[in-house]
Amino acid sequence: MRLELEKRAERSGLMALLSPVIALALTLVTGGILFAALGQNPVIALYTFFIEPLTASWSLQELVVKATPLILIGVGLAVCYLSNNWNIGAEGQFTFGAIVGCVLPIMFPGFASVLTLPLMLLMGIAGGMAWAAIPAFLKVRFGTNEILTSLMLVYIAQLLLDWLVRGPWRDPEGFNFPESRVFSEAATLPALSDGRMHVGAIFAVIAVLIMAVVLLKSLKGFEIRVLGQAPRAGRFAGFSQNRMVWFAFLLAGGLAGLAGISEVSGSVNQLTPIVSPGYGFTAIIVAFLGRLNPIGIFVSGFLLALSYLGGEAAQVGLGISDKTTRVFQGMLLFYVLACDTLILYRIRLGRPVAKGRGN
């Protein structure tokens, strides 16, 4: 007997719901095997990674802090992927949004008024949109593969940030450390608690609610789905593929830029050579694990945020490398994509093909 994939007559709604659950379960099982191979007790290690970060008030606040950019970026990426635009460069849009949004507090530190923070947020959104506009323009004008262009722009943005904080934007009173000056109170997002949790979390909730209505209840949401699933039918309906490329990339870039400036202004309060632990790439997993649905993305954003906290807890408590976080995220993405195969195909047992004498 052998295993075969048989194409379903139609998509399985049940498997669409169960696929993320199965993927998460397989990730936990594989993670337990991984911990055992590292000489750790799998039960204790999994508890340390997934449960311990939920047992303290400060870590719950950190969970919200780390989930906020993942949700903001993931919601924007969902629109791209639903419309068949493969934006892989949200990390660069996050970084460039942070750079542009920090122009005021770094270059004009004396400008401290009620307008400072709103202008920073708007500039951060504009910066993310501008960075996302580059692959959008190249795709529309020259038919360039957006996967390659958006990904390469990530490294350009990161190198630009590194150059700025080590060069012209380095704090003259920072003892030669590669970091910008600390932001004034007027340039800092208000806190929601006595920890690092800030109003950026409210931005994430608003983005989820708005995009849920747009995708599920509006003509624009219908246009996104039609152009993503049946471009030819979309053209007959009068929808423009090129306009959708611009819409999807600018929306995703704007939300990534908002996430970038919110992270810097709300959590760090200055620019450093690294402003993201990989939120832009992790948000891709968040989007797919959430089934490209804003509500699902809200839930999966917290799950992936937990992987960051769990990695830190495992590093401190078990002496395991912080790269464990990346391993878990990679396994989760692999299993999500693998389990999604079951939406269109079913597994069945088949008889082995008998070989003829001449074979």
# chains A, B, ... in the order shown; residues from 1 in each chain; ligands from 1
>>> residues_around(residues="Arg243 (chain A)", least_positions_apart="5", cutoff="10 Å", atoms="only C-alpha atoms", output="PyMOL selection string")
chain A and resi 136+140+248
>>> write_last_selection(atoms="N, CA, C and O atoms", output="mmCIF file, in the first residue's frame")
data_model
loop_
_atom_site.group_PDB
_atom_site.id
_atom_site.type_symbol
_atom_site.label_atom_id
_atom_site.label_comp_id
_atom_site.auth_asym_id
_atom_site.auth_seq_id
_atom_site.Cartn_x
_atom_site.Cartn_y
_atom_site.Cartn_z
ATOM 1 N N ALA A 136 5.915 47.905 -6.188
ATOM 2 C CA ALA A 136 4.643 48.048 -6.890
ATOM 3 C C ALA A 136 4.866 48.689 -8.263
ATOM 4 O O ALA A 136 4.329 48.224 -9.281
ATOM 5 N N VAL A 140 4.193 46.913 -11.946
ATOM 6 C CA VAL A 140 3.217 47.476 -12.876
ATOM 7 C C VAL A 140 3.879 47.956 -14.164
ATOM 8 O O VAL A 140 3.371 47.723 -15.263
ATOM 9 N N ALA A 248 -2.777 47.283 -2.773
ATOM 10 C CA ALA A 248 -2.310 46.274 -1.831
ATOM 11 C C ALA A 248 -0.953 46.636 -1.254
ATOM 12 O O ALA A 248 -0.731 46.550 -0.033
#
>>> closest_atom_pairs(of="region 271-308 of chain A", to="region 90-113 of chain A", cutoff="10 Å", atoms="only C-alpha atoms", output="CSV")
residue,atom,partner,partner_atom,distance
A:Leu271,CA,A:Cys102,CA,7.7
A:Ile274,CA,A:Thr95,CA,8.7
A:Val275,CA,A:Thr95,CA,7.0
A:Ser276,CA,A:Thr95,CA,7.6
A:Pro277,CA,A:Glu91,CA,9.5
A:Gly278,CA,A:Glu91,CA,6.7
A:Tyr279,CA,A:Glu91,CA,6.5
A:Gly280,CA,A:Glu91,CA,3.8
A:Phe281,CA,A:Glu91,CA,6.2
A:Thr282,CA,A:Glu91,CA,9.0
A:Ala283,CA,A:Ala90,CA,8.2
A:Ile284,CA,A:Ala90,CA,8.7
>>> write_last_selection(atoms="N, CA and C atoms", output="tab-separated table (two decimals), in the first residue's frame")
chain	number	residue	atom	x	y	z
A	271	LEU	N	16.44	55.38	17.86
A	271	LEU	CA	16.82	54.47	16.78
A	271	LEU	C	18.11	53.76	17.14
A	274	ILE	N	19.35	47.95	14.97
A	274	ILE	CA	18.33	46.94	14.73
A	274	ILE	C	17.06	47.35	15.47
A	275	VAL	N	15.99	47.61	14.73
A	275	VAL	CA	14.73	48.02	15.35
A	275	VAL	C	13.70	46.91	15.32
A	276	SER	N	14.03	45.80	14.68
A	276	SER	CA	13.07	44.70	14.56
A	276	SER	C	13.79	43.37	14.70
A	277	PRO	N	13.23	42.44	15.49
A	277	PRO	CA	13.80	41.10	15.56
A	277	PRO	C	13.32	40.19	14.43
A	278	GLY	N	12.77	40.81	13.38
A	278	GLY	CA	12.26	40.04	12.25
A	278	GLY	C	10.74	40.05	12.16
A	279	TYR	N	10.10	41.12	12.69
A	279	TYR	CA	8.65	41.19	12.69
A	279	TYR	C	8.07	41.07	11.27
A	280	GLY	N	8.73	41.71	10.30
A	280	GLY	CA	8.20	41.70	8.94
A	280	GLY	C	8.13	40.31	8.34
A	281	PHE	N	9.12	39.48	8.64
A	281	PHE	CA	9.12	38.11	8.13
A	281	PHE	C	8.18	37.22	8.94
A	282	THR	N	8.18	37.40	10.25
A	282	THR	CA	7.29	36.60	11.10
A	282	THR	C	5.83	36.89	10.79
A	283	ALA	N	5.53	38.12	10.38
A	283	ALA	CA	4.15	38.48	10.06
A	283	ALA	C	3.62	37.70	8.86
A	284	ILE	N	4.51	37.19	8.02
A	284	ILE	CA	4.07	36.32	6.92
A	284	ILE	C	3.44	35.06	7.50
>>> residues_around(residues="region 73-81 of chain A", least_positions_apart="2", cutoff="9 Å", atoms="only C-alpha atoms", output="CSV table (one decimal) with C-alpha atoms, in the first residue's frame")
chain,number,residue,atom,x,y,z
A,68,THR,CA,1.2,44.7,18.0
A,69,PRO,CA,3.6,45.0,15.1
A,70,LEU,CA,2.9,41.4,14.0
A,71,ILE,CA,-0.8,42.1,13.8
A,83,SER,CA,-5.0,39.8,-4.2
A,84,ASN,CA,-2.1,37.6,-5.4
A,85,ASN,CA,0.6,40.2,-4.8
A,86,TRP,CA,3.5,38.6,-3.0
A,87,ASN,CA,5.0,41.3,-0.8
A,88,ILE,CA,7.9,39.7,1.1
A,90,ALA,CA,7.4,44.1,5.0
A,91,GLU,CA,10.5,44.0,7.1
A,94,PHE,CA,8.8,48.5,8.8
A,204,ALA,CA,-3.6,47.2,15.9
A,207,ALA,CA,-6.7,48.0,11.9
A,208,VAL,CA,-8.1,44.5,12.5
A,211,MET,CA,-9.9,45.5,7.5
A,215,LEU,CA,-12.6,42.4,3.3
A,221,GLY,CA,-13.0,43.2,-0.4
A,224,ILE,CA,-9.5,41.8,-3.7
A,225,ARG,CA,-10.8,38.3,-3.6
A,228,GLY,CA,-6.7,37.1,-6.4
A,244,MET,CA,-5.0,46.6,-7.1
A,245,VAL,CA,-1.2,46.1,-7.1
A,247,PHE,CA,-3.6,49.5,-3.4
A,248,ALA,CA,-2.3,46.3,-1.8
A,249,PHE,CA,1.3,47.4,-1.6
A,250,LEU,CA,0.6,50.9,-0.4
A,251,LEU,CA,-1.8,49.6,2.3
A,252,ALA,CA,0.6,46.9,3.5
A,253,GLY,CA,3.5,49.4,3.4
A,254,GLY,CA,1.6,52.0,5.3
A,255,LEU,CA,0.6,49.6,8.1
A,256,ALA,CA,4.2,48.2,8.3
A,257,GLY,CA,5.4,51.8,8.5
A,258,LEU,CA,2.9,52.6,11.3
A,259,ALA,CA,4.2,49.4,13.1
A,279,TYR,CA,8.6,41.2,12.7
A,280,GLY,CA,8.2,41.7,8.9
A,282,THR,CA,7.3,36.6,11.1
A,283,ALA,CA,4.1,38.5,10.1
A,284,ILE,CA,4.1,36.3,6.9
A,285,ILE,CA,3.5,33.3,9.2
A,286,VAL,CA,1.0,35.3,11.2
A,287,ALA,CA,-1.0,36.1,8.0
A,288,PHE,CA,-1.1,32.5,6.8
A,290,GLY,CA,-4.7,33.4,10.6
A,291,ARG,CA,-6.1,32.2,7.2
A,292,LEU,CA,-5.6,35.7,5.7
A,293,ASN,CA,-8.5,36.8,7.9
A,294,PRO,CA,-8.1,39.9,10.1
A,297,ILE,CA,-4.5,37.3,12.3
A,298,PHE,CA,-5.3,39.0,15.6
A,301,GLY,CA,-0.3,37.5,16.2
>>> select_by_dssp(residues="region 8-84 of chain A", states="helix (DSSP H, G or I)", output="ChimeraX atom specification")
/A:13-37,42-54,57-82
>>> atom_distance(atom1="CA of Gln229 (chain A)", atom2="CA of Gln241 (chain A)")
11.9 Å
